[in-house]
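Novice: CSV, C-alpha atoms and all ligand atoms, file work37.csv:
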```csv
chain,number,residue,atom,x,y,z
P,1,MET,CA,-10.5,-19.4,3.1
P,2,GLU,CA,-7.0,-20.2,1.8
P,3,PHE,CA,-4.6,-17.2,1.4
P,4,VAL,CA,-4.1,-16.8,-2.3
P,5,HIS,CA,-2.0,-13.9,-3.6
P,6,LYS,CA,0.4,-13.8,-6.5
P,7,SER,CA,3.4,-11.7,-5.5
P,8,ILE,CA,4.4,-9.0,-8.0
P,9,MET,CA,7.9,-8.2,-9.5
P,10,VAL,CA,9.7,-10.7,-7.2
P,11,GLU,CA,12.8,-10.9,-9.4
P,12,GLU,CA,13.1,-7.2,-9.8
P,13,ILE,CA,12.7,-6.6,-6.0
P,14,LEU,CA,15.3,-9.2,-5.1
P,15,GLU,CA,17.7,-7.6,-7.6
P,16,TYR,CA,17.2,-4.1,-6.3
P,17,LEU,CA,17.3,-5.0,-2.6
P,18,ASN,CA,20.8,-6.5,-3.4
P,19,ILE,CA,20.4,-8.8,-0.4
P,20,ARG,CA,23.3,-9.5,1.9
P,21,PRO,CA,22.9,-13.0,3.5
P,22,ASP,CA,23.7,-11.7,7.0
P,23,GLY,CA,21.7,-8.5,6.7
P,24,VAL,CA,18.6,-7.2,8.4
P,25,TYR,CA,15.5,-6.9,6.1
P,26,ALA,CA,11.9,-5.9,6.7
P,27,ASP,CA,8.8,-6.6,4.7
P,28,GLY,CA,6.4,-3.9,5.9
P,29,THR,CA,3.4,-5.4,4.0
P,30,ALA,CA,4.1,-9.1,4.5
P,31,GLY,CA,0.6,-10.3,3.3
P,32,GLY,CA,0.7,-14.0,2.5
P,33,GLY,CA,4.5,-13.9,2.8
P,34,GLY,CA,5.4,-14.3,-0.9
P,35,HIS,CA,8.0,-11.6,-1.1
P,36,SER,CA,9.1,-12.3,2.5
P,37,ARG,CA,9.8,-16.0,1.6
P,38,ALA,CA,11.8,-14.9,-1.5
P,39,ILE,CA,13.9,-12.5,0.6
P,40,GLY,CA,14.2,-15.0,3.5
P,41,GLU,CA,15.6,-17.6,1.1
P,42,LYS,CA,18.5,-15.3,0.3
P,43,LEU,CA,19.4,-14.9,4.0
P,44,SER,CA,21.8,-17.1,6.0
P,45,SER,CA,21.3,-18.1,9.6
P,46,GLN,CA,23.1,-14.8,10.5
P,47,GLY,CA,20.4,-12.8,8.6
P,48,THR,CA,17.2,-11.4,10.0
P,49,LEU,CA,13.8,-11.0,8.4
P,50,ILE,CA,11.1,-8.8,10.0
P,51,CYS,CA,7.6,-9.4,8.6
P,52,ASN,CA,5.0,-6.7,9.4
P,53,ASP,CA,1.3,-6.5,8.6
P,54,ARG,CA,-1.7,-4.8,10.1
P,55,ASP,CA,-4.0,-7.8,9.2
P,56,PRO,CA,-3.8,-10.7,11.6
P,57,ASP,CA,-5.0,-13.2,8.9
P,58,ALA,CA,-2.1,-12.1,6.7
P,59,LEU,CA,0.5,-12.6,9.4
P,60,ALA,CA,-0.9,-16.1,10.2
P,61,ALA,CA,-0.6,-17.0,6.5
P,62,CYS,CA,2.9,-15.4,6.4
P,63,GLU,CA,4.1,-17.4,9.4
P,64,LYS,CA,3.1,-20.7,7.7
P,65,ARG,CA,4.7,-19.6,4.4
P,66,LEU,CA,8.0,-18.9,6.1
P,67,ALA,CA,8.3,-22.3,7.8
P,68,GLY,CA,11.7,-23.9,7.4
P,69,LEU,CA,13.7,-20.7,6.6
P,70,SER,CA,17.2,-20.7,8.2
P,71,CYS,CA,17.3,-17.0,8.9
P,72,ASN,CA,15.9,-15.3,12.1
P,73,VAL,CA,12.3,-14.4,11.5
P,74,ARG,CA,10.3,-11.8,13.5
P,75,LEU,CA,6.6,-11.3,12.9
P,76,VAL,CA,5.3,-7.8,13.8
P,77,ARG,CA,1.6,-6.9,13.8
P,78,GLY,CA,1.2,-3.2,13.2
P,79,VAL,CA,1.1,-0.4,10.7
P,80,PHE,CA,4.2,0.2,8.6
P,81,SER,CA,4.3,3.8,9.8
P,82,ASP,CA,5.5,2.3,13.1
P,83,LEU,CA,7.8,-0.2,11.4
P,84,ALA,CA,11.1,1.8,11.8
P,85,ALA,CA,10.4,2.1,15.6
P,86,ASN,CA,9.2,-1.5,16.0
P,87,ALA,CA,12.2,-2.9,14.1
P,88,GLY,CA,14.4,-1.5,16.9
P,89,GLN,CA,17.5,-1.7,14.7
P,90,PRO,CA,18.8,-0.1,11.5
P,91,LEU,CA,17.8,-2.0,8.4
P,92,ASP,CA,19.7,-3.1,5.2
P,93,GLY,CA,16.5,-3.2,3.2
P,94,VAL,CA,12.8,-2.6,3.3
P,95,LEU,CA,9.9,-3.6,1.1
P,96,LEU,CA,6.4,-1.9,0.9
P,97,ASP,CA,4.0,-3.6,-1.4
P,98,LEU,CA,1.1,-1.1,-1.0
P,99,GLY,CA,-2.6,-1.7,-1.0
P,100,VAL,CA,-4.7,-4.8,-0.4
P,101,SER,CA,-3.9,-8.4,-1.2
P,102,SER,CA,-5.9,-10.6,-3.5
P,103,TYR,CA,-6.9,-12.6,-0.4
P,104,GLN,CA,-8.5,-9.5,1.2
P,105,LEU,CA,-10.3,-8.5,-2.1
P,106,ASP,CA,-11.5,-12.1,-2.7
P,107,CYS,CA,-12.6,-12.7,0.9
P,108,ALA,CA,-16.2,-11.5,0.5
P,109,GLU,CA,-16.9,-10.9,4.2
P,110,ARG,CA,-14.1,-8.4,4.5
P,111,GLY,CA,-16.3,-6.0,2.4
P,112,PHE,CA,-13.6,-4.8,0.0
P,113,SER,CA,-15.2,-6.1,-3.2
P,114,TYR,CA,-17.9,-4.4,-5.3
P,115,MET,CA,-18.5,-7.8,-7.0
P,116,GLN,CA,-19.7,-9.8,-3.9
P,117,ASP,CA,-22.3,-8.9,-1.3
P,118,ALA,CA,-21.1,-8.3,2.2
P,119,PRO,CA,-21.4,-5.9,5.1
P,120,LEU,CA,-19.6,-2.6,4.4
P,121,ASP,CA,-16.2,-3.1,6.2
P,122,MET,CA,-12.9,-2.7,4.3
P,123,ARG,CA,-10.7,-2.6,7.4
P,124,MET,CA,-7.3,-4.2,6.8
P,125,ASN,CA,-7.1,-4.6,10.6
P,126,PRO,CA,-10.5,-5.8,11.8
P,127,GLU,CA,-9.8,-4.2,15.2
P,128,ASP,CA,-9.6,-0.7,13.8
P,129,LYS,CA,-12.5,1.6,14.8
P,130,LEU,CA,-13.4,3.2,11.5
P,131,SER,CA,-15.1,0.9,8.9
P,132,ALA,CA,-16.7,1.6,5.5
P,133,TRP,CA,-20.1,1.5,7.2
P,134,ASP,CA,-19.2,4.5,9.3
P,135,VAL,CA,-17.8,6.4,6.3
P,136,VAL,CA,-20.8,5.7,4.1
P,137,ASN,CA,-23.4,6.3,6.8
P,138,HIS,CA,-21.9,9.1,8.9
P,139,TRP,CA,-19.5,11.2,6.9
P,140,SER,CA,-21.0,14.4,5.5
P,141,GLU,CA,-22.0,14.7,1.9
P,142,GLU,CA,-19.2,17.3,1.4
P,143,GLU,CA,-16.6,14.9,2.9
P,144,LEU,CA,-17.8,12.1,0.7
P,145,THR,CA,-17.6,14.3,-2.4
P,146,ARG,CA,-14.1,15.2,-1.4
P,147,ILE,CA,-12.8,11.7,-0.9
P,148,PHE,CA,-14.5,10.3,-4.0
P,149,PHE,CA,-12.9,13.1,-6.0
P,150,GLU,CA,-9.4,13.1,-4.3
P,151,TYR,CA,-8.9,9.4,-3.5
P,152,GLY,CA,-11.0,7.9,-6.3
P,153,GLU,CA,-10.5,10.5,-9.0
P,154,GLU,CA,-14.2,10.1,-9.6
P,155,ARG,CA,-15.6,12.8,-11.9
P,156,PHE,CA,-19.2,12.2,-10.7
P,157,SER,CA,-18.3,12.5,-7.0
P,158,ARG,CA,-20.9,15.1,-6.2
P,159,ARG,CA,-23.8,13.2,-7.8
P,160,ILE,CA,-22.8,10.0,-6.1
P,161,ALA,CA,-22.4,11.6,-2.6
P,162,SER,CA,-25.8,13.3,-3.0
P,163,GLN,CA,-27.4,10.0,-4.0
P,164,ILE,CA,-25.8,8.3,-0.9
P,165,ALA,CA,-27.1,11.1,1.3
P,166,LEU,CA,-30.6,10.6,-0.1
P,167,ALA,CA,-30.5,6.8,0.3
P,168,ARG,CA,-29.3,6.9,3.9
P,169,SER,CA,-32.0,9.3,4.9
P,170,GLN,CA,-34.3,6.3,4.6
P,171,GLY,CA,-32.1,4.1,6.8
P,172,PRO,CA,-28.5,3.0,7.0
P,173,ILE,CA,-26.8,1.5,3.9
P,174,GLN,CA,-25.7,-1.9,5.0
P,175,THR,CA,-23.9,-3.8,2.3
P,176,THR,CA,-21.5,-3.5,-0.6
P,177,LEU,CA,-24.0,-4.4,-3.3
P,178,GLU,CA,-26.5,-1.9,-1.9
P,179,LEU,CA,-23.8,0.7,-2.2
P,180,VAL,CA,-23.0,-0.4,-5.8
P,181,ASP,CA,-26.7,0.0,-6.8
P,182,ILE,CA,-26.8,3.5,-5.3
P,183,ILE,CA,-23.6,4.5,-7.2
P,184,LYS,CA,-25.0,3.1,-10.4
P,185,SER,CA,-28.2,5.1,-9.9
P,186,ALA,CA,-26.2,8.3,-9.6
P,187,LEU,CA,-24.3,7.8,-12.8
P,188,PRO,CA,-25.3,9.0,-16.3
P,189,LYS,CA,-26.0,6.0,-18.7
P,190,ALA,CA,-22.8,6.6,-20.7
P,191,ALA,CA,-20.7,6.2,-17.6
P,192,LEU,CA,-22.3,2.8,-16.9
P,193,LYS,CA,-21.0,1.5,-20.2
P,194,GLU,CA,-17.4,2.3,-19.5
P,195,LYS,CA,-14.9,-0.6,-19.3
P,196,GLN,CA,-14.1,0.0,-15.6
P,197,HIS,CA,-16.7,-1.2,-13.1
P,198,PRO,CA,-18.9,1.8,-12.2
P,199,ALA,CA,-18.1,1.4,-8.4
P,200,LYS,CA,-14.4,0.8,-8.7
P,201,ARG,CA,-13.3,4.4,-8.0
P,202,VAL,CA,-15.7,5.0,-5.1
P,203,PHE,CA,-14.7,1.7,-3.5
P,204,GLN,CA,-11.0,2.6,-3.8
P,205,ALA,CA,-11.7,6.0,-2.2
P,206,ILE,CA,-13.6,4.5,0.7
P,207,ARG,CA,-10.8,1.9,1.3
P,208,ILE,CA,-8.1,4.6,1.2
P,209,ALA,CA,-10.1,6.7,3.8
P,210,VAL,CA,-10.9,3.7,6.1
P,211,ASN,CA,-7.3,2.6,6.3
P,212,ASP,CA,-5.8,6.1,6.1
P,213,GLU,CA,-3.6,4.7,3.3
P,214,LEU,CA,-2.0,7.9,2.0
P,215,GLU,CA,-1.0,9.2,5.4
P,216,GLN,CA,0.4,5.8,6.2
P,217,VAL,CA,2.8,6.1,3.2
P,218,ARG,CA,3.7,9.7,3.8
P,219,SER,CA,4.6,9.2,7.4
P,220,ALA,CA,6.4,5.8,6.9
P,221,LEU,CA,8.9,6.8,4.3
P,222,ASP,CA,10.8,9.5,6.2
P,223,ALA,CA,11.2,7.2,9.2
P,224,LEU,CA,12.2,4.1,7.2
P,225,VAL,CA,14.7,6.0,5.1
P,226,GLU,CA,16.3,7.5,8.2
P,227,ASN,CA,16.5,4.0,9.7
P,228,LEU,CA,18.5,2.5,6.7
P,229,ASN,CA,22.1,1.5,7.0
P,230,ASP,CA,24.7,3.0,4.6
P,231,GLY,CA,23.9,1.3,1.3
P,232,GLY,CA,20.5,0.1,2.6
P,233,ARG,CA,17.6,0.2,0.1
P,234,ILE,CA,13.9,0.8,0.3
P,235,ALA,CA,11.7,-0.7,-2.5
P,236,VAL,CA,8.0,0.4,-2.9
P,237,LEU,CA,5.4,-1.1,-5.2
P,238,THR,CA,2.6,1.3,-5.9
P,239,PHE,CA,-0.8,0.6,-7.5
P,240,HIS,CA,-2.3,4.0,-8.3
P,241,SER,CA,-1.2,7.5,-9.1
P,242,LEU,CA,-2.0,9.0,-5.7
P,243,GLU,CA,0.4,6.8,-3.7
P,244,ASP,CA,2.9,6.7,-6.6
P,245,ARG,CA,3.2,10.5,-6.6
P,246,ILE,CA,3.8,10.5,-2.8
P,247,VAL,CA,6.7,8.0,-3.1
P,248,LYS,CA,8.1,9.7,-6.2
P,249,ASN,CA,8.2,13.1,-4.6
P,250,ALA,CA,9.6,11.8,-1.3
P,251,PHE,CA,12.4,9.9,-3.0
P,252,ALA,CA,13.2,13.0,-5.2
P,253,ARG,CA,13.3,15.1,-2.0
P,254,TYR,CA,15.6,12.7,-0.2
P,255,GLU,CA,18.0,12.7,-3.2
P,256,LYS,CA,18.0,16.5,-3.7
P,257,PRO,CA,16.7,18.2,-0.6
P,258,CYS,CA,18.4,21.6,-1.2
P,259,THR,CA,15.8,24.4,-1.2
P,260,CYS,CA,18.2,27.2,-2.2
P,261,PRO,CA,17.2,29.3,-5.2
P,262,PRO,CA,19.0,28.0,-8.4
P,263,GLU,CA,20.9,31.3,-8.8
P,264,PHE,CA,22.7,30.8,-5.4
P,265,PRO,CA,26.4,30.0,-6.0
P,266,VAL,CA,26.6,27.8,-2.9
P,267,CYS,CA,24.1,26.0,-0.8
P,268,THR,CA,23.0,27.9,2.3
P,269,CYS,CA,20.0,25.8,3.4
P,270,GLY,CA,22.3,23.1,4.7
P,271,LYS,CA,20.0,20.2,3.7
P,272,LYS,CA,22.1,17.2,2.7
P,273,SER,CA,21.2,14.4,0.3
P,274,LEU,CA,20.2,11.2,1.9
P,275,GLY,CA,21.1,9.0,-1.1
P,276,LYS,CA,20.1,8.1,-4.6
P,277,VAL,CA,17.0,7.1,-6.5
P,278,LEU,CA,17.7,3.8,-8.2
P,279,ALA,CA,14.4,2.9,-9.8
P,280,LYS,CA,11.9,5.5,-11.0
P,281,GLY,CA,8.6,3.7,-11.5
P,282,ILE,CA,9.5,0.5,-13.3
P,283,ALA,CA,6.5,-1.5,-14.7
P,284,PRO,CA,6.2,-5.3,-14.7
P,285,THR,CA,7.1,-7.1,-17.9
P,286,PRO,CA,4.4,-7.7,-20.4
P,287,ARG,CA,4.7,-11.4,-19.6
P,288,GLU,CA,4.0,-10.8,-15.9
P,289,ILE,CA,1.0,-8.5,-16.7
P,290,ALA,CA,-0.4,-11.2,-19.0
P,291,GLU,CA,0.0,-13.9,-16.3
P,292,ASN,CA,-1.3,-11.6,-13.5
P,293,PRO,CA,-3.6,-8.8,-14.7
P,294,ARG,CA,-3.7,-7.4,-11.2
P,295,SER,CA,-0.1,-6.3,-11.7
P,296,ARG,CA,-1.1,-4.0,-14.6
P,297,SER,CA,-0.9,-0.7,-12.8
P,298,THR,CA,2.1,-1.6,-10.5
P,299,ARG,CA,5.2,0.6,-10.4
P,300,LEU,CA,8.4,-0.1,-8.6
P,301,ARG,CA,10.4,2.7,-7.0
P,302,VAL,CA,13.7,2.2,-5.1
P,303,PHE,CA,15.9,4.5,-3.1
P,304,GLU,CA,19.4,3.8,-1.7
P,305,ARG,CA,20.6,5.4,1.5
P,306,ARG,CA,24.1,6.8,1.3
P,307,PHE,CA,25.9,8.2,4.3
P,308,GLU,CA,28.1,11.2,3.7
P,309,ASP,CA,31.8,10.7,3.7
P,401,LIG,C1,-0.4,-6.3,-1.6
P,401,LIG,S1,-0.5,-7.1,-0.1
P,401,LIG,C2,1.1,-7.7,0.2
P,401,LIG,C3,1.4,-9.1,-0.4
P,401,LIG,C4,2.7,-9.6,-0.1
P,401,LIG,N1,3.8,-8.8,-0.6
P,401,LIG,C5,2.9,-11.0,-0.7
P,401,LIG,O1,3.8,-11.3,-1.5
P,401,LIG,O2,2.2,-11.9,-0.3
P,401,LIG,C6,-0.5,-5.7,1.0
P,401,LIG,C7,-0.5,-6.1,2.5
P,401,LIG,O3,-0.2,-4.9,3.2
P,401,LIG,C8,-0.9,-4.8,4.3
P,401,LIG,N2,-1.0,-3.4,4.6
P,401,LIG,C9,-1.5,-2.4,3.8
P,401,LIG,N3,-1.3,-1.2,4.4
P,401,LIG,C10,-0.6,-1.4,5.6
P,401,LIG,C11,-0.1,-0.6,6.6
P,401,LIG,N4,-0.2,0.7,6.5
P,401,LIG,N5,0.6,-1.2,7.6
P,401,LIG,C12,0.8,-2.5,7.7
P,401,LIG,N6,0.3,-3.4,6.7
P,401,LIG,C13,-0.4,-2.8,5.7
P,401,LIG,C14,-2.3,-5.4,3.9
P,401,LIG,O4,-3.0,-5.8,5.1
P,401,LIG,C15,-1.9,-6.5,3.0
P,401,LIG,O5,-1.8,-7.7,3.7
```
What does this structure look like when you write it as structure tokens?
Specialist:
Amino acid sequence: MEFVHKSIMVEEILEYLNIRPDGVYADGTAGGGGHSRAIGEKLSSQGTLICNDRDPDALAACEKRLAGLSCNVRLVRGVFSDLAANAGQPLDGVLLDLGVSSYQLDCAERGFSYMQDAPLDMRMNPEDKLSAWDVVNHWSEEELTRIFFEYGEERFSRRIASQIALARSQGPIQTTLELVDIIKSALPKAALKEKQHPAKRVFQAIRIAVNDELEQVRSALDALVENLNDGGRIAVLTFHSLEDRIVKNAFARYEKPCTCPPEFPVCTCGKKSLGKVLAKGIAPTPREIAENPRSRSTRLRVFERRFED
């Protein structure tokens, strides 16, 4: 299947990364290479672009997309929580475009979609051990309730988890559409009439659990910000409130880490600011949203590292 993915907020990202032609930049979520290509075109033969993804199909597509660039290109297969270490050098800019690509969603056999029938999978890296099948068939009813509620913000999490437990007592749940039917059978009639697909929240929750997505973001940010050069920037595109909150709180903490009570006349905790928040959750333009409805919930956050004098 051809790798199709429309990159989001490309102009805004290029502007905020403020690319130096001879700088070192990393795309932690290279996907089909759309953003990587745009960054690479701003770099000279002295510049370096590091493209990282945990999905081998994505990296193969990215490699093709970057053909002919004049900068140095390094492809890295791995999770972005290891990117700072794998880069092996300080960076002038990093991009994280979180979540899954349209290619992953549209590729039925990857099992991300509630619209097409496929084995329950949802692994971004097909070599990872944990799949959606394991979560759905082996995690306890309590654990399923928790992830549907926490990661999917699903208000019927308990009913759905209980229906899954009942269904799997007859034999393993094998496919995405089997799971969709079970979810639908657990929901009250009124909830089935809502605009959003009835399985959307549960599928999001399982995908987040399978790929450990929130922990990935939490552990990546500290290391990536520490690894920025003076004036280096990190741009993150988020797609739902859970990951957006993590990025927002982390950036606020990097800017103002002081934990002293406000009544203290001087700081005694000794925690120093790492830099400045430059973009606080910018949305795509109405035009971009009209052209690419998948960008509807996107928010852009940017932080600039500033060394102390
Ligand atoms: C939204 S797509 C990126 C699309 C890309 N920016 C483009 O313009 O084509 C997200 C990509 O990030 C990858 N990804 C998600 N979480 C990751 C992680 N923790 N480590 C490495 N790659 C990850 C996915 O495999 C997917 O290819």
Novice: Would you list the residues that come within 6 Å of ligand LIG 401 (chain P)? Count all atoms listed in the file and give the answer as an mmCIF file with C-alpha atoms, in the frame of the given file.
Specialist:
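The resulting file, out38.cif, is shown below:
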```
data_model
loop_
_atom_site.group_PDB
_atom_site.id
_atom_site.type_symbol
_atom_site.label_atom_id
_atom_site.label_comp_id
_atom_site.auth_asym_id
_atom_site.auth_seq_id
_atom_site.Cartn_x
_atom_site.Cartn_y
_atom_site.Cartn_z
ATOM 1 C CA HIS P 5 -2.000 -13.900 -3.600
ATOM 2 C CA SER P 7 3.400 -11.700 -5.500
ATOM 3 C CA THR P 29 3.400 -5.400 4.000
ATOM 4 C CA ALA P 30 4.100 -9.100 4.500
ATOM 5 C CA GLY P 31 0.600 -10.300 3.300
ATOM 6 C CA GLY P 32 0.700 -14.000 2.500
ATOM 7 C CA GLY P 33 4.500 -13.900 2.800
ATOM 8 C CA GLY P 34 5.400 -14.300 -0.900
ATOM 9 C CA HIS P 35 8.000 -11.600 -1.100
ATOM 10 C CA ASP P 53 1.300 -6.500 8.600
ATOM 11 C CA ARG P 54 -1.700 -4.800 10.100
ATOM 12 C CA ASP P 55 -4.000 -7.800 9.200
ATOM 13 C CA ALA P 58 -2.100 -12.100 6.700
ATOM 14 C CA GLY P 78 1.200 -3.200 13.200
ATOM 15 C CA VAL P 79 1.100 -0.400 10.700
ATOM 16 C CA PHE P 80 4.200 0.200 8.600
ATOM 17 C CA ASP P 97 4.000 -3.600 -1.400
ATOM 18 C CA LEU P 98 1.100 -1.100 -1.000
ATOM 19 C CA GLY P 99 -2.600 -1.700 -1.000
ATOM 20 C CA VAL P 100 -4.700 -4.800 -0.400
ATOM 21 C CA SER P 101 -3.900 -8.400 -1.200
ATOM 22 C CA MET P 124 -7.300 -4.200 6.800
ATOM 23 C CA GLN P 216 0.400 5.800 6.200
#
```
Novice: Excluding Arg158 in chain P and its own-chain neighbours fewer than 3 positions away, which residues fall within 10 Å of it when counting only C-alpha atoms? Please give them as JSON, numbers by chain.
Specialist: {"P": [141, 142, 144, 145, 146, 148, 149, 154, 155, 161, 162, 163, 164, 186]}
Novice: Go through P:Gly281, P:Gly231, P:Gly28, P:Pro119 and flag the residue nearest Glu243 in chain P, using all atoms listed in the file for the distances.
Specialist: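 Comparing P:Gly281, P:Gly231, P:Gly28, P:Pro119 against Glu243 in chain P, the winner is P:Gly281.
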Novice: Quick one, how far is CA of Gly23 in chain P from CA of Gln46 in chain P?
Specialist: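 Here the two named atoms are 7.5 Å from each other.
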Novice: Just the number, please: distance in Å from CA of Val135 in chain P to CA of Arg218 in chain P, one decimal.
Specialist: 21.9 Å
Novice: How many Å lie between CA of Gly232 in chain P and CA of Leu14 in chain P, rounded to one decimal?
Specialist: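 That distance, rounded to one decimal, is 13.1 Å.
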Novice: Which polymer residues have any atom within 10 Å of an atom of Cys107 in chain P, counting only C-alpha atoms, with same-chain residues fewer than 4 positions away left out, as a list in words?
Specialist: Met1, Glu2, Phe3, Val4, Ser101, Ser102, Tyr103, Gly111, Phe112, Ser113, Gln116 and Ala118 of chain P
Novice: List as a ChimeraX atom specification: which residues have an atom within 12 Å of (20.4, -16.1, 8.2), counting all atoms listed in the file?
Specialist: /P:19-25,39-50,68-73
Novice: Please dump the current selection as a PDB file, in the coordinates of the input; keep C-alpha atoms.
Specialist:
```pdb
ATOM      1  CA  ILE P  19      20.400  -8.800  -0.400  1.00  0.00           C
ATOM      2  CA  ARG P  20      23.300  -9.500   1.900  1.00  0.00           C
ATOM      3  CA  PRO P  21      22.900 -13.000   3.500  1.00  0.00           C
ATOM      4  CA  ASP P  22      23.700 -11.700   7.000  1.00  0.00           C
ATOM      5  CA  GLY P  23      21.700  -8.500   6.700  1.00  0.00           C
ATOM      6  CA  VAL P  24      18.600  -7.200   8.400  1.00  0.00           C
ATOM      7  CA  TYR P  25      15.500  -6.900   6.100  1.00  0.00           C
ATOM      8  CA  ILE P  39      13.900 -12.500   0.600  1.00  0.00           C
ATOM      9  CA  GLY P  40      14.200 -15.000   3.500  1.00  0.00           C
ATOM     10  CA  GLU P  41      15.600 -17.600   1.100  1.00  0.00           C
ATOM     11  CA  LYS P  42      18.500 -15.300   0.300  1.00  0.00           C
ATOM     12  CA  LEU P  43      19.400 -14.900   4.000  1.00  0.00           C
ATOM     13  CA  SER P  44      21.800 -17.100   6.000  1.00  0.00           C
ATOM     14  CA  SER P  45      21.300 -18.100   9.600  1.00  0.00           C
ATOM     15  CA  GLN P  46      23.100 -14.800  10.500  1.00  0.00           C
ATOM     16  CA  GLY P  47      20.400 -12.800   8.600  1.00  0.00           C
ATOM     17  CA  THR P  48      17.200 -11.400  10.000  1.00  0.00           C
ATOM     18  CA  LEU P  49      13.800 -11.000   8.400  1.00  0.00           C
ATOM     19  CA  ILE P  50      11.100  -8.800  10.000  1.00  0.00           C
ATOM     20  CA  GLY P  68      11.700 -23.900   7.400  1.00  0.00           C
ATOM     21  CA  LEU P  69      13.700 -20.700   6.600  1.00  0.00           C
ATOM     22  CA  SER P  70      17.200 -20.700   8.200  1.00  0.00           C
ATOM     23  CA  CYS P  71      17.300 -17.000   8.900  1.00  0.00           C
ATOM     24  CA  ASN P  72      15.900 -15.300  12.100  1.00  0.00           C
ATOM     25  CA  VAL P  73      12.300 -14.400  11.500  1.00  0.00           C
TER      26      VAL P  73
END
```
Novice: Of the candidates P:Ser241, P:Asn227, P:Ser219, P:Ser157, which shows the shortest atom-to-atom distance to Ala26 in chain P, using all atoms listed in the file?
Specialist: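 Ranking P:Ser241, P:Asn227, P:Ser219, P:Ser157 by distance to Ala26 in chain P, first place goes to P:Asn227.
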Novice: Which polymer residues have any atom within 9 Å of an atom of Asp117 in chain P, counting all atoms listed in the file, with same-chain residues fewer than 2 positions away left out, as a VMD selection string?
Specialist: chain P and resid 108 to 109 111 113 to 115 119 to 120 175 to 178
Novice: Quick one: residues within 12 Å of Ala283 in chain P, only C-alpha atoms, excluding same-chain residues fewer than 5 positions away - as an MDAnalysis selection string?
Specialist: chainID P and resid 8:9 12:13 237:239 288:289 295:301
Novice: Find the residue from P:Ile208, P:Ala199, P:Leu224, P:Leu214 that sits nearest to Ser185 in chain P; use all atoms listed in the file when measuring.
Specialist: P:Ala199
